[in-house]
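Enquirer: What follows is work.pdb, PDB, C-alpha atoms.
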ATOM      1  CA  MET I   1       0.000   0.000   0.000
ATOM      2  CA  LYS I   2       1.670   3.188  -1.163
ATOM      3  CA  GLN I   3       0.414   6.493   0.218
ATOM      4  CA  ASN I   4       2.011   9.801  -0.674
ATOM      5  CA  GLY I   5       5.429   8.172  -1.187
ATOM      6  CA  ASN I   6       5.484   6.479   2.234
ATOM      7  CA  CYS I   7       4.695   2.798   2.333
ATOM      8  CA  CYS I   8       2.541   2.035   5.344
ATOM      9  CA  ARG I   9       4.215   4.628   7.588
ATOM     10  CA  LYS I  10       1.960   6.032  10.315
ATOM     11  CA  TYR I  11       2.571   8.447  13.177
ATOM     12  CA  ILE I  12       0.780   8.993  16.455
ATOM     13  CA  ILE I  13       1.159  11.955  18.812
ATOM     14  CA  VAL I  14       0.632  11.306  22.516
ATOM     15  CA  SER I  15       1.305  12.791  25.901
ATOM     16  CA  LEU I  16       2.775  10.084  28.079
ATOM     17  CA  ILE I  17       1.412   9.800  31.605
ATOM     18  CA  PRO I  18       4.262  10.399  34.105
ATOM     19  CA  GLU I  19       4.956   8.375  37.236
ATOM     20  CA  PRO I  20       3.488   7.653  39.741
ATOM     21  CA  PHE I  21       0.271   7.969  37.726
ATOM     22  CA  ALA I  22       1.460   5.634  34.936
ATOM     23  CA  TYR I  23       1.990   2.903  37.525
ATOM     24  CA  ARG I  24      -1.497   3.443  38.989
ATOM     25  CA  LEU I  25      -3.070   3.360  35.533
ATOM     26  CA  LYS I  26      -1.200   0.151  34.653
ATOM     27  CA  ARG I  27      -2.568  -1.494  37.803
ATOM     28  CA  PHE I  28      -6.076  -0.347  36.886
ATOM     29  CA  MET I  29      -5.641  -1.703  33.350
ATOM     30  CA  ASP I  30      -4.470  -4.999  34.865
ATOM     31  CA  GLU I  31      -7.595  -5.109  37.040
ATOM     32  CA  ILE I  32      -9.782  -4.639  33.963
ATOM     33  CA  ALA I  33      -7.748  -7.252  32.065
ATOM     34  CA  SER I  34      -8.471  -9.759  34.835
ATOM     35  CA  ILE I  35     -12.180  -9.267  34.035
ATOM     36  CA  THR I  36     -11.937  -9.175  30.229
ATOM     37  CA  ARG I  37      -9.132 -11.736  29.844
ATOM     38  CA  ILE I  38      -7.693  -9.388  27.176
ATOM     39  CA  ASP I  39      -4.119  -8.130  27.467
ATOM     40  CA  PRO I  40      -4.006  -4.617  28.952
ATOM     41  CA  PRO I  41      -3.068  -1.798  26.561
ATOM     42  CA  HIS I  42       0.081  -0.921  28.527
ATOM     43  CA  GLN I  43       1.710  -4.132  27.298
ATOM     44  CA  LYS I  44       2.055  -2.597  23.839
ATOM     45  CA  PHE I  45       2.138   1.131  24.563
ATOM     46  CA  PRO I  46       2.777   3.139  27.774
ATOM     47  CA  PRO I  47      -0.240   4.861  29.393
ATOM     48  CA  HIS I  48      -0.939   8.046  27.482
ATOM     49  CA  VAL I  49      -3.412  10.604  26.225
ATOM     50  CA  THR I  50      -3.683  10.471  22.452
ATOM     51  CA  LEU I  51      -3.379  14.030  21.143
ATOM     52  CA  HIS I  52      -3.756  12.897  17.551
ATOM     53  CA  PRO I  53      -4.691   9.406  16.393
ATOM     54  CA  PRO I  54      -2.614   7.634  13.748
ATOM     55  CA  LEU I  55      -1.929   9.822  10.742
ATOM     56  CA  ILE I  56       0.052   9.769   7.536
ATOM     57  CA  VAL I  57       2.289  12.661   6.447
ATOM     58  CA  VAL I  58       4.763  13.112   3.629
ATOM     59  CA  ASN I  59       7.562  14.980   5.385
ATOM     60  CA  GLU I  60       8.623  13.655   8.795
ATOM     61  CA  SER I  61      10.900  16.663   9.375
ATOM     62  CA  ASP I  62       7.941  19.043   8.952
ATOM     63  CA  LEU I  63       5.988  16.942  11.442
ATOM     64  CA  HIS I  64       8.779  17.207  14.043
ATOM     65  CA  ASP I  65       8.992  20.987  13.581
ATOM     66  CA  LEU I  66       5.228  21.406  13.816
ATOM     67  CA  ILE I  67       4.995  19.449  17.082
ATOM     68  CA  ARG I  68       8.007  21.228  18.620
ATOM     69  CA  ASN I  69       6.626  24.674  17.751
ATOM     70  CA  THR I  70       3.140  23.833  19.041
ATOM     71  CA  VAL I  71       4.405  22.336  22.322
ATOM     72  CA  LEU I  72       6.629  25.382  22.999
ATOM     73  CA  GLN I  73       3.533  27.611  22.985
ATOM     74  CA  VAL I  74       1.919  25.731  25.896
ATOM     75  CA  SER I  75       2.856  25.566  29.557
ATOM     76  CA  GLY I  76       1.375  24.079  32.702
ATOM     77  CA  ALA I  77      -0.545  21.318  30.932
ATOM     78  CA  LYS I  78      -2.756  19.494  33.477
ATOM     79  CA  ILE I  79      -5.504  16.941  33.100
ATOM     80  CA  THR I  80      -7.844  15.115  35.446
ATOM     81  CA  VAL I  81      -8.982  11.570  34.739
ATOM     82  CA  ASN I  82     -12.041  10.281  36.505
ATOM     83  CA  GLY I  83     -14.855   7.889  35.699
ATOM     84  CA  LEU I  84     -15.176   5.255  33.011
ATOM     85  CA  THR I  85     -16.947   5.299  29.701
ATOM     86  CA  ALA I  86     -17.077   3.164  26.588
ATOM     87  CA  PHE I  87     -16.465   4.111  22.980
ATOM     88  CA  GLY I  88     -18.955   1.824  21.341
ATOM     89  CA  ARG I  89     -18.273  -1.740  22.399
ATOM     90  CA  ASN I  90     -14.618  -1.756  21.400
ATOM     91  CA  TYR I  91     -12.858   0.592  23.849
ATOM     92  CA  ILE I  92     -13.159   1.319  27.549
ATOM     93  CA  VAL I  93     -11.594   4.626  28.502
ATOM     94  CA  LEU I  94     -11.051   7.184  31.224
ATOM     95  CA  PRO I  95     -12.279  10.527  29.849
ATOM     96  CA  VAL I  96      -9.816  13.392  30.217
ATOM     97  CA  HIS I  97     -10.957  16.666  31.713
ATOM     98  CA  GLN I  98      -8.429  19.098  30.331
ATOM     99  CA  THR I  99      -7.311  22.561  31.284
ATOM    100  CA  GLN I 100      -7.368  25.390  28.772
ATOM    101  CA  ASN I 101      -3.651  24.791  28.093
ATOM    102  CA  VAL I 102      -4.189  21.137  27.162
ATOM    103  CA  ALA I 103      -7.138  22.104  24.971
ATOM    104  CA  GLN I 104      -4.900  24.712  23.291
ATOM    105  CA  LEU I 105      -2.245  22.034  22.658
ATOM    106  CA  TRP I 106      -4.771  19.541  21.278
ATOM    107  CA  VAL I 107      -6.585  22.014  19.016
ATOM    108  CA  GLY I 108      -3.313  23.647  17.919
ATOM    109  CA  LEU I 109      -1.800  20.326  16.882
ATOM    110  CA  THR I 110      -4.932  19.227  15.040
ATOM    111  CA  LYS I 111      -5.302  22.512  13.183
ATOM    112  CA  ARG I 112      -1.640  22.756  12.180
ATOM    113  CA  LEU I 113      -1.431  19.102  11.174
ATOM    114  CA  SER I 114      -4.366  19.503   8.812
ATOM    115  CA  LEU I 115      -2.323  22.138   6.929
ATOM    116  CA  LEU I 116       0.664  19.834   6.293
ATOM    117  CA  ASP I 117       1.233  18.797   2.702
ATOM    118  CA  GLY I 118       0.020  15.240   2.268
ATOM    119  CA  TYR I 119      -1.687  15.058   5.679
ATOM    120  CA  THR I 120      -4.115  12.159   5.969
ATOM    121  CA  PRO I 121      -5.694  11.223   9.297
ATOM    122  CA  ALA I 122      -5.749   7.439   9.546
ATOM    123  CA  VAL I 123      -9.019   7.402  11.493
ATOM    124  CA  ARG I 124     -12.143   9.530  11.660
ATOM    125  CA  MET I 125     -11.560  12.709  13.698
ATOM    126  CA  LYS I 126     -15.073  14.072  14.197
ATOM    127  CA  GLY I 127     -16.393  13.831  17.754
ATOM    128  CA  ARG I 128     -13.072  12.804  19.302
ATOM    129  CA  VAL I 129     -12.675  13.122  23.063
ATOM    130  CA  LEU I 130      -9.347  13.136  24.876
ATOM    131  CA  HIS I 131      -9.043   9.949  26.903
ATOM    132  CA  VAL I 132      -6.786   7.254  28.364
ATOM    133  CA  THR I 133      -7.620   3.821  26.931
ATOM    134  CA  VAL I 134      -7.813   1.180  29.672
ATOM    135  CA  ALA I 135      -9.191  -1.741  27.594
ATOM    136  CA  LYS I 136      -9.625  -2.367  23.897
ATOM    137  CA  LYS I 137     -10.966  -4.946  21.477
ATOM    138  CA  THR I 138     -13.776  -5.753  23.915
ATOM    139  CA  TYR I 139     -16.580  -5.945  21.315
ATOM    140  CA  ARG I 140     -17.106  -9.734  21.614
ATOM    141  CA  ILE I 141     -17.418  -9.738  25.403
ATOM    142  CA  PHE I 142     -18.658  -6.215  26.046
ATOM    143  CA  PRO I 143     -22.214  -7.109  27.185
ATOM    144  CA  GLN I 144     -20.825  -9.596  29.712
ATOM    145  CA  VAL I 145     -17.969  -7.466  31.151
ATOM    146  CA  TRP I 146     -19.206  -3.867  30.949
ATOM    147  CA  PRO I 147     -21.614  -4.084  33.933
ATOM    148  CA  LYS I 148     -18.783  -5.279  36.200
ATOM    149  CA  ILE I 149     -16.196  -2.845  34.804
ATOM    150  CA  ARG I 150     -18.605   0.091  34.966
ATOM    151  CA  SER I 151     -18.967  -0.466  38.707
ATOM    152  CA  LEU I 152     -15.197  -0.243  39.371
ATOM    153  CA  GLN I 153     -14.117   2.721  41.449
ATOM    154  CA  VAL I 154     -11.807   5.108  39.626
ATOM    155  CA  GLU I 155      -9.704   7.260  41.901
ATOM    156  CA  PRO I 156      -9.587  10.781  40.396
ATOM    157  CA  MET I 157      -6.086  11.782  39.322
ATOM    158  CA  THR I 158      -4.895  15.277  38.476
ATOM    159  CA  ILE I 159      -1.809  14.909  36.348
ATOM    160  CA  SER I 160       0.732  17.445  35.090
ATOM    161  CA  LEU I 161       1.708  16.401  31.597
ATOM    162  CA  LYS I 162       5.436  16.770  31.060
ATOM    163  CA  GLU I 163       6.038  15.702  27.476
ATOM    164  CA  VAL I 164       4.589  15.025  24.080
ATOM    165  CA  ALA I 165       5.963  12.026  22.211
ATOM    166  CA  LEU I 166       5.932  11.208  18.522
ATOM    167  CA  TYR I 167       5.749   7.527  17.623
ATOM    168  CA  ARG I 168       6.153   5.934  14.202
ATOM    169  CA  LYS I 169       4.907   2.594  12.922
ATOM    170  CA  ILE I 170       6.120   1.083   9.673
ATOM    171  CA  ASN I 171       4.068  -1.716   8.166
ATOM    172  CA  GLY I 172       3.125  -4.174  10.956
ATOM    173  CA  ASP I 173       6.022  -3.300  13.272
ATOM    174  CA  PRO I 174       5.332  -2.089  16.823
ATOM    175  CA  TRP I 175       5.076   1.628  17.519
ATOM    176  CA  LYS I 176       8.529   3.165  18.132
ATOM    177  CA  ARG I 177       9.130   6.464  19.905
ATOM    178  CA  ILE I 178      11.164   8.687  17.608
ATOM    179  CA  GLU I 179      11.156  11.988  19.482
ATOM    180  CA  THR I 180      10.047  13.524  22.769
ATOM    181  CA  PHE I 181       9.141  17.196  23.225
ATOM    182  CA  GLN I 182       9.195  18.650  26.758
ATOM    183  CA  ILE I 183       6.162  20.743  27.742
ATOM    184  CA  PRO I 184       7.332  23.995  29.383
ATOM    185  CA  THR I 185       6.304  24.350  33.034
TER     186      THR I 185
END
Here is a file; write its structure as structure tokens.
Expert:
Amino acid sequence: MKQNGNCCRKYIIVSLIPEPFAYRLKRFMDEIASITRIDPPHQKFPPHVTLHPPLIVVNESDLHDLIRNTVLQVSGAKITVNGLTAFGRNYIVLPVHQTQNVAQLWVGLTKRLSLLDGYTPAVRMKGRVLHVTVAKKTYRIFPQVWPKIRSLQVEPMTISLKEVALYRKINGDPWKRIETFQIPT
């Protein structure tokens, strides 16, 4: 599959959840995995907030510059995660309640990315909500597990985001972090 000169090359932009919150989220994902019997998401990707879902761009250098310049314009990025919700029957997530600075980062990235030459979002963007995925690929067992998962207590966490990370995936390989951008405090 050839797209804009890049064969099967996708990028994802995330803000990684720092410790000790990443540890707490991993334990919560493990608790959900004990109910679903599906591997927790943290086994393939560290806990994170997806700022932009997988996308395809032509010029990786332009992408790096765009992220760096957008991140430098934001400081004091905090989120609160609390409660559980489902995206359809396929994903169980913790919705993110963001501050104005995180909203500025998210909207700024999305707007600037859409202006890049050759930009193609790999998934539908309309109606997206910032979130932390705690279980995925639950569609086959959702009716059986959702009532139990929905009743789990989620301890509210207010988290200062410290960095934005760019990951790349080529063909079927795992996601690989290729650059980290520090969020100014």
Enquirer: Grab the atom CA of Asn82 of chain I to atom CA of Gln153 of chain I distance for me, in Å with one decimal place.
Expert: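 Atom CA of Gln153 of chain I lies at a distance of 9.3 Å from atom CA of Asn82 of chain I.
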Enquirer: Quick one: which residues end up in the PyMOL selection byres ((chain I and resi 165) around 8) for this structure, as a PyMOL selection string?
Expert: chain I and resi 13-16+163-164+166-167+177-181
Enquirer: Would you mind listing what lies within 10 Å of Ala22 of chain I as a VMD selection string, with all atoms listed in the file counted and same-chain residues fewer than 2 positions away left out?
Expert: chain I and resid 16 to 20 24 to 28 42 46 to 48 159
Enquirer: Atoms to include: C-alpha atoms. Write the selected residues as a short mmCIF file (atom, residue, chain, number, x, y, z; two decimals), in the coordinates of the input.
Expert:
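Output file result-v3.cif follows:
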data_model
loop_
_atom_site.label_atom_id
_atom_site.label_comp_id
_atom_site.auth_asym_id
_atom_site.auth_seq_id
_atom_site.Cartn_x
_atom_site.Cartn_y
_atom_site.Cartn_z
CA LEU I 16 2.78 10.08 28.08
CA ILE I 17 1.41 9.80 31.60
CA PRO I 18 4.26 10.40 34.10
CA GLU I 19 4.96 8.38 37.24
CA PRO I 20 3.49 7.65 39.74
CA ARG I 24 -1.50 3.44 38.99
CA LEU I 25 -3.07 3.36 35.53
CA LYS I 26 -1.20 0.15 34.65
CA ARG I 27 -2.57 -1.49 37.80
CA PHE I 28 -6.08 -0.35 36.89
CA HIS I 42 0.08 -0.92 28.53
CA PRO I 46 2.78 3.14 27.77
CA PRO I 47 -0.24 4.86 29.39
CA HIS I 48 -0.94 8.05 27.48
CA ILE I 159 -1.81 14.91 36.35
#
Enquirer: Taking (-11.6, 5.3, 41.9) in the file's coordinates as the center, which residues reach within 12 Å of it, counting only C-alpha atoms, put as an mmCIF file with C-alpha atoms, keeping the file's coordinate frame?
Expert:
data_model
loop_
_atom_site.group_PDB
_atom_site.id
_atom_site.type_symbol
_atom_site.label_atom_id
_atom_site.label_comp_id
_atom_site.auth_asym_id
_atom_site.auth_seq_id
_atom_site.Cartn_x
_atom_site.Cartn_y
_atom_site.Cartn_z
ATOM 1 C CA ARG I 24 -1.497 3.443 38.989
ATOM 2 C CA LEU I 25 -3.070 3.360 35.533
ATOM 3 C CA PHE I 28 -6.076 -0.347 36.886
ATOM 4 C CA VAL I 81 -8.982 11.570 34.739
ATOM 5 C CA ASN I 82 -12.041 10.281 36.505
ATOM 6 C CA GLY I 83 -14.855 7.889 35.699
ATOM 7 C CA LEU I 84 -15.176 5.255 33.011
ATOM 8 C CA LEU I 94 -11.051 7.184 31.224
ATOM 9 C CA ILE I 149 -16.196 -2.845 34.804
ATOM 10 C CA ARG I 150 -18.605 0.091 34.966
ATOM 11 C CA SER I 151 -18.967 -0.466 38.707
ATOM 12 C CA LEU I 152 -15.197 -0.243 39.371
ATOM 13 C CA GLN I 153 -14.117 2.721 41.449
ATOM 14 C CA VAL I 154 -11.807 5.108 39.626
ATOM 15 C CA GLU I 155 -9.704 7.260 41.901
ATOM 16 C CA PRO I 156 -9.587 10.781 40.396
ATOM 17 C CA MET I 157 -6.086 11.782 39.322
#
Enquirer: Compute the distance from (5.6, 22.3, 27.2) to each atom, counting all atoms listed in the file, keep the residues with any atom at most 12 Å away, and return them as a ChimeraX atom specification; use the coordinates of the file.
Expert: /I:15,67-78,101-102,104-105,160-165,180-185
Enquirer: Counting only C-alpha atoms, figure out which residue out of I:Arg168, I:Lys111, I:Arg89, I:Lys176 gets nearest to Gln144 of chain I.
Expert: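 Nearest to Gln144 of chain I: I:Arg89.
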Enquirer: Separation of atom CA of Ile38 of chain I and atom CA of Arg128 of chain I, in Å?
Expert: 24.2 Å
Enquirer: Rounded to one decimal place, report the atom CA of Gln100 of chain I-atom CA of Phe21 of chain I distance in Å.
Expert: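 Computed distance, atom CA of Gln100 of chain I to atom CA of Phe21 of chain I, equals 21.0 Å.
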Enquirer: Hey, what comes out of the PyMOL selection byres ((chain I and resi 54) around 6) on this file? Could you write it as a PyMOL selection string?
Expert: chain I and resi 10-12+53+55+122
Enquirer: Could you name the residues that touch Thr110 of chain I at 10 Å or less, counting only C-alpha atoms, but leaving out those on the same chain fewer than 2 positions away, as a ChimeraX atom specification?
Expert: /I:51-53,104-108,112-115,121,125
Enquirer: Quick one: residues within 7 Å of segment 34-36 of chain I, only C-alpha atoms, excluding same-chain residues fewer than 3 positions away - as a ChimeraX atom specification?
Expert: /I:30-31,145
Enquirer: Go through I:Gln98, I:Phe45, I:Val93, I:Asp117 and flag the residue nearest Ile32 of chain I, using only C-alpha atoms for the distances.
Expert: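 Using only C-alpha atoms, the shortest distance to Ile32 of chain I belongs to I:Val93.
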Enquirer: Using the chain letters and numbers from this file, what does the PyMOL selection byres ((chain I and resi 96) around 6) select? Give the answer as a PyMOL selection string.
Expert: chain I and resi 80-81+95+97-98+130-131
Enquirer: Excluding segment 133-138 of chain I and its own-chain neighbours fewer than 2 positions away, which residues fall within 6 Å of it when counting only C-alpha atoms? Please give them as a VMD selection string.
Expert: chain I and resid 29 90 to 93 140 to 142
Enquirer: Which is closer to Leu63 of chain I than all the others in I:Tyr139, I:Cys8, I:Arg37, I:Gly118, using only C-alpha atoms?
Expert: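 That would be I:Gly118, the residue with the smallest distance to Leu63 of chain I.
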